[in-house]
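A.B. asks: Provided herewith: query-v5.cif, mmCIF, C-alpha atoms.
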```cif
data_work
loop_
_atom_site.label_atom_id
_atom_site.label_comp_id
_atom_site.auth_asym_id
_atom_site.auth_seq_id
_atom_site.Cartn_x
_atom_site.Cartn_y
_atom_site.Cartn_z
CA MET A 115 -1.83 142.29 52.04
CA ALA A 116 -2.72 145.84 52.99
CA ASN A 117 -5.35 145.14 55.65
CA HIS A 118 -3.78 142.96 58.34
CA ASP A 119 -6.74 143.38 60.68
CA ALA A 120 -9.18 142.08 58.09
CA PHE A 121 -6.91 139.12 57.35
CA LEU A 122 -6.66 138.20 61.04
CA ALA A 123 -10.39 138.70 61.58
CA ALA A 124 -11.16 136.32 58.72
CA LEU A 125 -8.88 133.69 60.27
CA MET A 126 -10.36 134.12 63.73
CA HIS A 127 -13.95 133.82 62.49
CA HIS A 128 -13.25 130.80 60.24
CA GLN A 129 -14.11 132.79 57.15
CA PRO A 130 -12.84 131.34 53.86
CA LEU A 131 -9.61 132.85 52.63
CA ASP A 132 -8.47 132.73 49.04
CA MET A 133 -5.75 130.12 48.49
CA GLU A 134 -3.60 132.57 46.58
CA GLU A 135 -3.90 135.10 49.40
CA MET A 136 -2.67 132.54 51.92
CA ILE A 137 0.20 131.44 49.67
CA ALA A 138 1.13 135.11 49.28
CA PHE A 139 1.19 135.47 53.07
CA TRP A 140 3.71 132.61 53.46
CA HIS A 141 5.82 134.10 50.66
CA GLN A 142 5.83 137.47 52.41
CA VAL A 143 6.88 135.86 55.69
CA ASP A 144 9.68 134.06 53.84
CA CYS A 145 10.85 137.38 52.38
CA GLY A 146 10.80 139.16 55.75
CA GLU A 147 7.84 141.39 54.91
CA HIS A 148 5.82 140.72 58.09
CA SER A 149 6.59 141.74 61.65
CA PRO A 150 7.10 139.13 64.39
CA GLN A 151 3.88 140.39 65.99
CA MET A 152 1.88 139.65 62.85
CA ILE A 153 3.46 136.20 62.47
CA VAL A 154 2.78 135.29 66.10
CA ALA A 155 -0.83 136.50 65.80
CA VAL A 156 -1.49 134.43 62.66
CA LEU A 157 0.21 131.29 63.99
CA SER A 158 -1.60 131.60 67.32
CA VAL A 159 -4.97 131.72 65.60
CA MET A 160 -4.12 128.79 63.31
CA SER A 161 -2.75 126.72 66.18
CA SER A 162 -5.78 127.30 68.39
CA GLN A 163 -8.22 125.89 65.84
CA PRO A 164 -8.78 122.49 64.22
CA LEU A 165 -6.71 122.16 61.06
CA SER A 166 -8.41 123.67 58.04
CA MET A 167 -7.79 121.91 54.73
CA ASN A 168 -7.49 125.26 52.97
CA LEU A 169 -4.85 126.55 55.39
CA VAL A 170 -2.93 123.27 55.32
CA LEU A 171 -2.89 123.16 51.53
CA SER A 172 -1.81 126.80 51.24
CA PHE A 173 1.21 126.18 53.45
CA LEU A 174 2.17 122.89 51.79
CA HIS A 175 1.66 124.31 48.28
CA TYR A 176 3.97 127.22 49.11
CA VAL A 177 6.63 124.91 50.57
CA GLN A 178 6.35 122.63 47.53
CA GLN A 179 6.89 125.59 45.19
CA ALA A 180 9.59 127.42 47.17
CA TYR A 181 11.53 124.41 48.46
CA PRO A 182 11.46 121.54 45.94
CA LYS A 183 12.50 118.21 47.41
CA THR A 184 16.10 117.11 46.83
CA ARG A 185 16.76 114.01 44.72
CA LEU A 186 19.50 112.35 46.76
CA PRO A 187 20.40 109.13 44.87
CA SER A 188 20.34 106.80 47.88
CA ALA A 189 17.11 108.33 49.21
CA LEU A 190 15.11 107.52 46.08
CA ALA A 191 14.83 103.89 47.24
CA ALA A 192 14.44 104.81 50.92
CA VAL A 193 11.42 104.97 53.21
CA ASN A 194 10.74 107.18 56.19
CA ILE A 195 8.92 106.37 59.45
CA VAL A 196 7.74 109.46 61.31
CA GLY A 197 4.88 110.66 63.50
CA THR A 198 3.06 113.87 64.28
CA GLY A 199 3.60 113.54 68.02
CA GLY A 200 0.86 114.14 70.52
CA GLY A 201 -1.49 111.57 71.96
CA VAL A 202 -0.46 108.90 74.44
CA ASN A 203 3.13 108.79 75.65
CA THR A 204 5.20 105.94 74.21
CA PHE A 205 8.93 105.28 73.83
CA ASN A 206 10.55 106.10 70.46
CA ILE A 207 8.82 103.34 68.53
CA SER A 208 9.30 104.77 65.02
CA THR A 209 13.03 105.37 65.56
CA THR A 210 13.43 101.80 66.82
CA ALA A 211 11.41 100.49 63.88
CA ALA A 212 13.70 102.37 61.48
CA PHE A 213 16.67 100.19 62.51
CA VAL A 214 14.60 97.02 62.09
CA THR A 215 13.52 98.16 58.63
CA ALA A 216 17.14 98.82 57.62
CA ALA A 217 18.11 95.38 58.93
CA ALA A 218 15.59 93.90 56.47
CA GLY A 219 17.57 95.42 53.60
CA VAL A 220 15.31 98.43 53.02
CA PRO A 221 17.11 101.82 52.97
CA VAL A 222 15.73 104.27 55.53
CA LEU A 223 15.95 108.05 55.60
CA LYS A 224 14.45 108.97 58.97
CA SER A 225 13.14 112.45 59.60
CA GLY A 226 12.30 113.76 63.04
CA SER A 227 12.97 116.47 65.56
CA ARG A 228 13.54 117.18 69.18
CA ALA A 229 10.63 116.70 71.55
CA TYR A 230 7.65 119.00 70.98
CA SER A 231 4.81 116.99 72.49
CA SER A 232 6.65 114.23 74.40
CA ARG A 233 9.63 113.87 76.72
CA SER A 234 11.89 112.46 74.03
CA GLY A 235 11.95 113.25 70.32
CA SER A 236 13.83 111.27 67.69
CA GLN A 237 16.85 113.58 67.73
CA ASP A 238 16.98 113.56 71.52
CA VAL A 239 17.31 109.78 71.66
CA LEU A 240 19.81 109.70 68.76
CA ASP A 241 22.00 112.15 70.69
CA ARG A 242 22.02 109.80 73.69
CA LEU A 243 23.00 106.93 71.41
CA GLY A 244 25.96 108.90 70.06
CA ILE A 245 24.44 109.10 66.58
CA ARG A 246 25.30 112.25 64.73
CA VAL A 247 22.72 113.62 62.33
CA PRO A 248 24.64 114.46 59.11
CA GLY A 249 25.38 118.11 58.52
CA ASN A 250 25.23 117.94 54.73
CA ASP A 251 23.93 115.84 51.86
CA ALA A 252 27.29 114.26 51.03
CA VAL A 253 27.60 112.72 54.50
CA LEU A 254 23.94 111.67 54.45
CA GLU A 255 24.48 109.93 51.09
CA GLU A 256 27.54 108.13 52.46
CA MET A 257 25.62 107.14 55.58
CA ILE A 258 22.70 105.58 53.70
CA GLN A 259 24.96 103.82 51.20
CA THR A 260 27.23 102.43 53.94
CA LEU A 261 24.66 101.57 56.63
CA GLY A 262 21.29 101.42 54.91
CA ILE A 263 20.01 104.15 57.26
CA GLY A 264 20.43 107.92 57.56
CA PHE A 265 18.83 110.85 59.33
CA ALA A 266 17.58 114.05 57.70
CA PRO A 267 19.59 117.13 58.76
CA VAL A 268 17.45 119.75 60.49
CA ALA A 269 19.19 122.46 58.43
CA ARG A 270 17.76 120.94 55.23
CA TYR A 271 14.16 121.60 56.24
CA PRO A 272 12.45 124.63 54.64
CA ALA A 273 14.05 127.87 55.87
CA LEU A 274 10.53 129.23 56.32
CA CYS A 275 10.09 126.96 59.36
CA ARG A 276 13.18 128.41 61.03
CA LYS A 277 12.02 131.95 60.27
CA LEU A 278 8.64 131.24 61.85
CA ALA A 279 10.27 129.77 64.97
CA LEU A 280 12.62 132.75 65.30
CA ALA A 281 9.75 135.21 64.91
CA CYS A 282 7.97 133.57 67.86
CA GLN A 283 10.86 133.97 70.30
CA PRO A 284 10.85 134.24 73.27
CA LEU A 285 7.45 132.47 73.13
CA SER A 286 7.45 128.69 72.89
CA PHE A 287 7.11 127.47 69.30
CA ARG A 288 5.82 124.20 70.79
CA LEU A 289 2.71 126.19 71.74
CA VAL A 290 2.44 128.99 69.19
CA GLY A 291 3.62 126.88 66.26
CA GLN A 292 1.37 123.85 66.72
CA PHE A 293 -0.06 124.42 63.24
CA ILE A 294 3.41 123.94 61.71
CA ASN A 295 4.44 121.12 64.04
CA ARG A 296 1.40 119.04 63.08
CA LEU A 297 2.48 119.27 59.43
CA GLY A 298 6.08 118.30 60.21
CA PRO A 299 5.89 114.73 58.88
CA LEU A 300 4.96 116.06 55.42
CA LEU A 301 7.99 118.37 55.28
CA CYS A 302 10.83 115.87 54.75
CA PRO A 303 13.14 117.70 52.30
CA PHE A 304 14.12 114.64 50.25
CA GLU A 305 12.34 112.60 47.61
CA LEU A 306 11.63 109.13 48.97
CA LYS A 307 10.18 105.86 47.78
CA GLY A 308 7.52 106.04 50.48
CA GLN A 309 6.67 107.00 54.02
CA VAL A 310 4.81 105.69 57.05
CA THR A 311 3.23 108.63 58.88
CA GLY A 312 1.80 108.11 62.34
CA VAL A 313 -1.00 110.48 63.32
CA SER A 314 -2.23 111.03 66.86
CA ASN A 315 -5.94 111.56 66.16
CA PRO A 316 -8.35 110.52 63.38
CA GLU A 317 -9.41 114.08 62.46
CA LEU A 318 -5.80 115.10 61.85
CA MET A 319 -5.23 111.88 59.92
CA ASN A 320 -8.12 112.72 57.62
CA VAL A 321 -6.78 116.21 56.90
CA LEU A 322 -3.19 115.08 56.29
CA ALA A 323 -4.21 112.15 54.08
CA CYS A 324 -6.52 114.32 52.00
CA ALA A 325 -3.86 117.01 51.69
CA THR A 326 -1.31 114.41 50.57
CA HIS A 327 -3.78 113.21 47.95
CA GLU A 328 -4.41 116.79 46.74
CA LEU A 329 -0.67 117.40 46.43
CA THR A 330 -0.43 114.24 44.28
CA GLN A 331 2.16 112.69 46.58
CA ASP A 332 2.48 108.93 46.26
CA ASN A 333 3.00 105.97 48.60
CA VAL A 334 2.32 107.51 52.01
CA LEU A 335 0.77 105.18 54.58
CA PHE A 336 -0.97 107.00 57.44
CA VAL A 337 -1.52 105.01 60.63
CA HIS A 338 -3.34 105.74 63.88
CA ALA A 339 -3.99 103.68 67.00
CA GLY A 340 -7.46 104.02 68.44
CA VAL A 341 -6.11 104.47 71.97
CA GLY A 342 -4.72 107.79 70.74
CA ALA A 343 -1.19 107.17 69.45
CA ASP A 344 0.70 108.26 66.33
CA GLU A 345 1.75 104.71 65.45
CA LEU A 346 0.37 101.20 65.20
CA LEU A 347 0.00 99.63 68.64
CA PRO A 348 -0.48 95.96 69.63
CA THR A 349 -3.70 96.58 71.48
CA GLY A 350 -7.14 97.32 70.13
CA HIS A 351 -8.22 99.17 67.03
CA ASN A 352 -5.76 100.61 64.46
CA VAL A 353 -6.61 102.63 61.35
CA CYS A 354 -4.57 102.68 58.11
CA TRP A 355 -4.95 104.97 55.08
CA TRP A 356 -2.54 104.33 52.21
CA VAL A 357 -2.36 107.21 49.71
CA GLN A 358 -1.23 105.90 46.32
CA HIS A 359 -1.43 107.10 42.73
CA LYS A 360 -3.00 103.81 41.73
CA GLY A 361 -5.80 104.33 44.26
CA ASP A 362 -6.07 104.90 48.01
CA ARG A 363 -6.64 102.00 50.39
CA GLN A 364 -8.20 102.28 53.83
CA TRP A 365 -8.54 99.49 56.36
CA ASN A 366 -8.72 98.72 60.07
CA ASP A 367 -6.66 96.18 62.00
CA THR A 368 -7.13 94.93 65.54
CA PHE A 369 -4.13 93.54 67.39
CA GLY A 370 -3.97 91.95 70.82
CA GLN A 371 -6.75 92.09 73.34
CA ALA A 372 -9.44 94.75 73.57
CA GLY A 373 -10.91 96.26 76.70
CA LYS A 374 -9.89 98.87 79.23
CA GLU A 375 -7.67 96.57 81.28
CA ALA A 376 -5.77 95.36 78.22
CA TYR A 377 -5.31 98.94 76.95
CA THR A 378 -4.05 100.11 80.33
CA ALA A 379 -1.56 97.26 80.63
CA ALA A 380 -0.26 97.72 77.08
CA LEU A 381 0.15 101.49 77.39
CA ARG A 382 2.00 101.02 80.68
CA ALA A 383 4.37 98.61 78.93
CA LEU A 384 4.92 101.04 76.05
CA ALA A 385 5.29 104.25 78.10
CA GLY A 386 8.16 106.53 77.19
CA GLY A 387 10.67 108.09 79.54
CA SER A 388 13.58 110.51 79.32
CA PRO A 389 15.88 110.49 76.26
CA SER A 390 18.43 108.43 78.19
CA GLU A 391 15.80 105.94 79.31
CA ASN A 392 14.38 105.65 75.80
CA ALA A 393 17.87 105.18 74.31
CA ALA A 394 18.53 102.30 76.69
CA ARG A 395 15.15 100.79 75.88
CA LEU A 396 15.69 101.10 72.12
CA GLN A 397 18.82 98.98 72.49
CA ARG A 398 17.03 96.36 74.58
CA VAL A 399 14.20 96.10 72.05
CA LEU A 400 16.61 95.75 69.13
CA ALA A 401 18.35 92.98 71.06
CA GLY A 402 14.97 91.25 71.45
CA ASP A 403 15.21 91.69 75.22
CA ASP A 404 12.21 93.75 76.35
CA GLU A 405 8.52 93.40 77.13
CA ALA A 406 6.45 91.57 74.54
CA GLU A 407 4.26 94.63 73.92
CA ALA A 408 7.30 96.76 73.04
CA LEU A 409 8.69 94.19 70.63
CA GLU A 410 5.31 93.79 68.97
CA ALA A 411 4.76 97.56 68.63
CA VAL A 412 8.09 97.91 66.84
CA ALA A 413 7.32 94.89 64.63
CA LEU A 414 3.98 96.40 63.58
CA ASN A 415 5.50 99.72 62.53
CA ALA A 416 8.55 98.20 60.86
CA GLY A 417 6.15 95.86 59.05
CA ALA A 418 4.26 98.87 57.73
CA ALA A 419 7.52 100.37 56.44
CA LEU A 420 8.43 97.09 54.74
CA LEU A 421 5.03 97.11 53.03
CA VAL A 422 5.47 100.68 51.77
CA ALA A 423 8.95 99.80 50.52
CA GLY A 424 7.61 96.88 48.51
CA ARG A 425 9.77 94.44 50.47
CA VAL A 426 6.60 92.45 51.24
CA ASP A 427 3.15 92.40 49.67
CA SER A 428 1.06 92.48 52.85
CA LEU A 429 1.23 94.04 56.29
CA SER A 430 1.07 90.63 57.95
CA LYS A 431 4.15 89.46 56.04
CA GLY A 432 5.98 92.64 56.96
CA ILE A 433 5.16 92.12 60.65
CA SER A 434 6.36 88.53 60.51
CA LEU A 435 9.67 89.56 58.91
CA ALA A 436 10.15 92.33 61.49
CA ARG A 437 9.52 89.85 64.33
CA ARG A 438 12.23 87.54 62.95
CA ILE A 439 14.70 90.43 62.77
CA LEU A 440 13.95 91.43 66.36
CA HIS A 441 14.40 87.84 67.50
CA SER A 442 17.75 87.61 65.68
CA GLY A 443 19.12 90.92 66.99
CA GLU A 444 20.01 92.10 63.46
CA GLY A 445 18.53 95.54 64.16
CA LEU A 446 20.96 95.99 67.04
CA GLY A 447 23.78 95.25 64.61
CA VAL A 448 22.60 98.12 62.36
CA LEU A 449 22.52 100.42 65.39
CA GLN A 450 26.03 99.46 66.45
CA ARG A 451 27.41 99.96 62.94
CA THR A 452 25.71 103.37 62.86
CA GLN A 453 27.31 104.32 66.18
CA HIS A 454 30.73 103.22 64.85
CA PHE A 455 30.21 105.25 61.65
CA CYS A 456 29.40 108.35 63.69
CA ARG A 457 32.47 107.89 65.91
CA GLN A 458 34.57 107.82 62.74
CA LEU A 459 32.85 110.97 61.53
CA ARG A 460 33.83 112.77 64.74
CA GLU A 461 37.42 111.61 64.33
CA ARG A 462 37.48 112.89 60.74
CA ALA A 463 36.13 116.30 61.73
#
```
Could I get this structure in the form of structure tokens?
C.D. replies:
Amino acid sequence: MANHDAFLAALMHHQPLDMEEMIAFWHQVDCGEHSPQMIVAVLSVMSSQPLSMNLVLSFLHYVQQAYPKTRLPSALAAVNIVGTGGGVNTFNISTTAAFVTAAAGVPVLKSGSRAYSSRSGSQDVLDRLGIRVPGNDAVLEEMIQTLGIGFAPVARYPALCRKLALACQPLSFRLVGQFINRLGPLLCPFELKGQVTGVSNPELMNVLACATHELTQDNVLFVHAGVGADELLPTGHNVCWWVQHKGDRQWNDTFGQAGKEAYTAALRALAGGSPSENAARLQRVLAGDDEAEALEAVALNAGAALLVAGRVDSLSKGISLARRILHSGEGLGVLQRTQHFCRQLRERA
């Protein structure tokens, strides 16, 4: 890539770039052949624009080639529940739903990160709960086999992502690296049985679903709440797009009451707080002792994971099973066993 100015100008003016040229750029970044200034300039342009399918596919194709997913035995039957972030502020619904899903007998390998677009990311709330994200694959395998749930180590994500973040310092990667952050849910480093991916806006959902289809990935259910959330919510209009080898399915579901007053009340009941506040709330929800809207939101998203896992044959059946688990408190039992496992890990260290 001899002419950096021409490359940047093409990006800035939305001119089509050859796929191979873009893949070559990511390879060069990975090999340390571009300056931090060039990397920041390219990421800033990409992050300031709506996602382009060509740019998304070039990045994901490169990651797919350079960092093949790991076949961890226990993960091959597992599902993931993860969101893009952004949109309305809610408590850690997908993390809570992961424990409900595991309580239904479905293995879960949860990916996630610290907060980029909210006050509390998945790893932030796990820290407050005393849950240690495994440092290597052997511990992760033991965790999933023992508990039915595990959490993807940050160090196992493509090294390219860390190199991009380092190149942006001291600037905030939350701002400069929005292009990469929006693709985060598609970067889980392990092969899985399936995934529920929450997306915060319909345009982004369309790009990610189409990219997943182009990459021939199977069994990824994208969900979006019309009020602007990266998960299914128990109020108003929800959109689902299930990417499958046997044929995509798209449908809409409406839960709860519609109307501005109903939306406002539901979003108030689902609002997220600090990591400590969200950790306390996660435990209350798993004990079945929280506001009805919170319990229902978790049931909807756990139900989607149960559908993707093949544990049920319809979303409605998955939601019903998740409600029973929340009522019984079985999800709290999974959480407590996970906390005990992590205490033992610290003692072994």
A.B. asks: Any idea what the distance is between atom CA of A:Thr311 and atom CA of A:Asn194?
C.D. replies: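 Atom-to-atom, atom CA of A:Thr311 and atom CA of A:Asn194 are spaced 8.1 Å apart.
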A.B. asks: With the file shown as input, list the residues that the PyMOL selection byres ((chain A and resi 326-333) around 12) selects, as a PDB file with C-alpha atoms, keeping the file's coordinate frame.
C.D. replies:
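Just written: part-v3.pdb:
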```
ATOM      1  CA  MET A 167      -7.790 121.910  54.730  1.00  0.00           C
ATOM      2  CA  ASN A 168      -7.490 125.260  52.970  1.00  0.00           C
ATOM      3  CA  VAL A 170      -2.930 123.270  55.320  1.00  0.00           C
ATOM      4  CA  LEU A 171      -2.890 123.160  51.530  1.00  0.00           C
ATOM      5  CA  SER A 172      -1.810 126.800  51.240  1.00  0.00           C
ATOM      6  CA  PHE A 173       1.210 126.180  53.450  1.00  0.00           C
ATOM      7  CA  LEU A 174       2.170 122.890  51.790  1.00  0.00           C
ATOM      8  CA  HIS A 175       1.660 124.310  48.280  1.00  0.00           C
ATOM      9  CA  TYR A 176       3.970 127.220  49.110  1.00  0.00           C
ATOM     10  CA  VAL A 177       6.630 124.910  50.570  1.00  0.00           C
ATOM     11  CA  GLN A 178       6.350 122.630  47.530  1.00  0.00           C
ATOM     12  CA  GLN A 179       6.890 125.590  45.190  1.00  0.00           C
ATOM     13  CA  LYS A 183      12.500 118.210  47.410  1.00  0.00           C
ATOM     14  CA  ALA A 192      14.440 104.810  50.920  1.00  0.00           C
ATOM     15  CA  VAL A 193      11.420 104.970  53.210  1.00  0.00           C
ATOM     16  CA  ASN A 194      10.740 107.180  56.190  1.00  0.00           C
ATOM     17  CA  LEU A 297       2.480 119.270  59.430  1.00  0.00           C
ATOM     18  CA  PRO A 299       5.890 114.730  58.880  1.00  0.00           C
ATOM     19  CA  LEU A 300       4.960 116.060  55.420  1.00  0.00           C
ATOM     20  CA  LEU A 301       7.990 118.370  55.280  1.00  0.00           C
ATOM     21  CA  GLU A 305      12.340 112.600  47.610  1.00  0.00           C
ATOM     22  CA  LEU A 306      11.630 109.130  48.970  1.00  0.00           C
ATOM     23  CA  LYS A 307      10.180 105.860  47.780  1.00  0.00           C
ATOM     24  CA  GLY A 308       7.520 106.040  50.480  1.00  0.00           C
ATOM     25  CA  GLN A 309       6.670 107.000  54.020  1.00  0.00           C
ATOM     26  CA  VAL A 310       4.810 105.690  57.050  1.00  0.00           C
ATOM     27  CA  THR A 311       3.230 108.630  58.880  1.00  0.00           C
ATOM     28  CA  MET A 319      -5.230 111.880  59.920  1.00  0.00           C
ATOM     29  CA  ASN A 320      -8.120 112.720  57.620  1.00  0.00           C
ATOM     30  CA  VAL A 321      -6.780 116.210  56.900  1.00  0.00           C
ATOM     31  CA  LEU A 322      -3.190 115.080  56.290  1.00  0.00           C
ATOM     32  CA  ALA A 323      -4.210 112.150  54.080  1.00  0.00           C
ATOM     33  CA  CYS A 324      -6.520 114.320  52.000  1.00  0.00           C
ATOM     34  CA  ALA A 325      -3.860 117.010  51.690  1.00  0.00           C
ATOM     35  CA  VAL A 334       2.320 107.510  52.010  1.00  0.00           C
ATOM     36  CA  LEU A 335       0.770 105.180  54.580  1.00  0.00           C
ATOM     37  CA  PHE A 336      -0.970 107.000  57.440  1.00  0.00           C
ATOM     38  CA  TRP A 355      -4.950 104.970  55.080  1.00  0.00           C
ATOM     39  CA  TRP A 356      -2.540 104.330  52.210  1.00  0.00           C
ATOM     40  CA  VAL A 357      -2.360 107.210  49.710  1.00  0.00           C
ATOM     41  CA  GLN A 358      -1.230 105.900  46.320  1.00  0.00           C
ATOM     42  CA  HIS A 359      -1.430 107.100  42.730  1.00  0.00           C
ATOM     43  CA  LYS A 360      -3.000 103.810  41.730  1.00  0.00           C
ATOM     44  CA  GLY A 361      -5.800 104.330  44.260  1.00  0.00           C
ATOM     45  CA  ASP A 362      -6.070 104.900  48.010  1.00  0.00           C
ATOM     46  CA  ARG A 363      -6.640 102.000  50.390  1.00  0.00           C
ATOM     47  CA  ALA A 418       4.260  98.870  57.730  1.00  0.00           C
ATOM     48  CA  ALA A 419       7.520 100.370  56.440  1.00  0.00           C
ATOM     49  CA  LEU A 421       5.030  97.110  53.030  1.00  0.00           C
ATOM     50  CA  VAL A 422       5.470 100.680  51.770  1.00  0.00           C
ATOM     51  CA  ALA A 423       8.950  99.800  50.520  1.00  0.00           C
ATOM     52  CA  GLY A 424       7.610  96.880  48.510  1.00  0.00           C
TER      53      GLY A 424
END
```
A.B. asks: With only C-alpha atoms as the atoms that count, which of A:Val399, A:Leu169, A:Ala408, A:Val268 lies nearest to A:Asp132?
C.D. replies: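 Once distances to A:Asp132 are computed over only C-alpha atoms, the minimum belongs to A:Leu169.
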A.B. asks: For the file shown, report as a PyMOL selection string the outcome of the PyMOL selection byres ((chain A and resi 351) around 12) at residue level.
C.D. replies: chain A and resi 316+337-343+345-350+352-354+365-373+377
A.B. asks: Tell me which protein, DNA and RNA residues are within 10 Å of A:Glu255, counting all atoms listed in the file, leaving out same-chain ones fewer than 5 positions away, and put them as a ChimeraX atom specification.
C.D. replies: /A:186-189,223,248,250,260,262-264
A.B. asks: Using the chain letters and numbers from the file, give me the residues hit by the PyMOL selection byres ((chain A and resi 274) around 10), as number ranges by chain.
C.D. replies: A: 140-141, 143-146, 176-177, 180-181, 271-273, 275-280
A.B. asks: Go ahead and save the residues from that selection, with C-alpha atoms, as a tab-separated table (two decimals), in the coordinates of the input.
C.D. replies:
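See out_4.tsv below for the written result:
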```tsv
chain	number	residue	atom	x	y	z
A	140	TRP	CA	3.71	132.61	53.46
A	141	HIS	CA	5.82	134.10	50.66
A	143	VAL	CA	6.88	135.86	55.69
A	144	ASP	CA	9.68	134.06	53.84
A	145	CYS	CA	10.85	137.38	52.38
A	146	GLY	CA	10.80	139.16	55.75
A	176	TYR	CA	3.97	127.22	49.11
A	177	VAL	CA	6.63	124.91	50.57
A	180	ALA	CA	9.59	127.42	47.17
A	181	TYR	CA	11.53	124.41	48.46
A	271	TYR	CA	14.16	121.60	56.24
A	272	PRO	CA	12.45	124.63	54.64
A	273	ALA	CA	14.05	127.87	55.87
A	275	CYS	CA	10.09	126.96	59.36
A	276	ARG	CA	13.18	128.41	61.03
A	277	LYS	CA	12.02	131.95	60.27
A	278	LEU	CA	8.64	131.24	61.85
A	279	ALA	CA	10.27	129.77	64.97
A	280	LEU	CA	12.62	132.75	65.30
```
A.B. asks: Between atom CA of A:Gly432 and atom CA of A:Gly387, what is the distance, to one decimal in Å?
C.D. replies: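 Spanning atom CA of A:Gly432 to atom CA of A:Gly387 is a straight-line distance of 27.8 Å.
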A.B. asks: Skip A:Arg457 itself and residues of its chain fewer than 4 positions away, then list as a ChimeraX atom specification all residues within 9 Å of it, counting only C-alpha atoms.
C.D. replies: /A:244-246,452-453,461-462
A.B. asks: Expressed in Å to a single decimal, how great is the separation between atom CA of A:Gly199 and atom CA of A:Arg288?
C.D. replies: 11.2 Å
A.B. asks: Which residue gives the smallest distance to A:Val412 among A:Ser428, A:Ser390, A:Gln151, A:Thr215, with all atoms listed in the file counted?
C.D. replies: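 Of A:Ser428, A:Ser390, A:Gln151, A:Thr215, the one nearest A:Val412, counting all atoms listed in the file, is A:Thr215.
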A.B. asks: Produce the centre coordinates and the three edge lengths, each in Å to one decimal, of the box along x, y and z that contains all listed atoms of stretch 357-364 of chain A with 6 Å added on each side, as JSON.
C.D. replies:
```
{"center_x": -4.7, "center_y": 104.6, "center_z": 47.8, "size_x": 19.0, "size_y": 17.2, "size_z": 24.1}
```
A.B. asks: From the set A:Ser388, A:Thr198, A:Ser161, A:Thr209, which residue has the shortest atom-to-atom contact distance to A:Gly312, counting all atoms listed in the file?
C.D. replies: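 Nearest to A:Gly312: A:Thr198.
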A.B. asks: Which one is closest to A:Gly219: A:Ala393, A:Ala413, A:Ala191, A:Val202? Count all atoms listed in the file.
C.D. replies: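 Smallest distance to A:Gly219 is found for A:Ala191.
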A.B. asks: Which residue is closest to A:Lys431? Choose from A:Leu122, A:Val196, A:Ala379, A:Ala416 and count only C-alpha atoms.
C.D. replies: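 Answer, going by the shortest atom-to-atom distance: A:Ala416.
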A.B. asks: Given all atoms listed in the file as the basis, pick out the residue of A:Pro284, A:Gly447, A:Gly417, A:Pro182 nearest to A:Ala217.
C.D. replies: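 Looking at the shortest contact to A:Ala217, the residue is A:Gly447.
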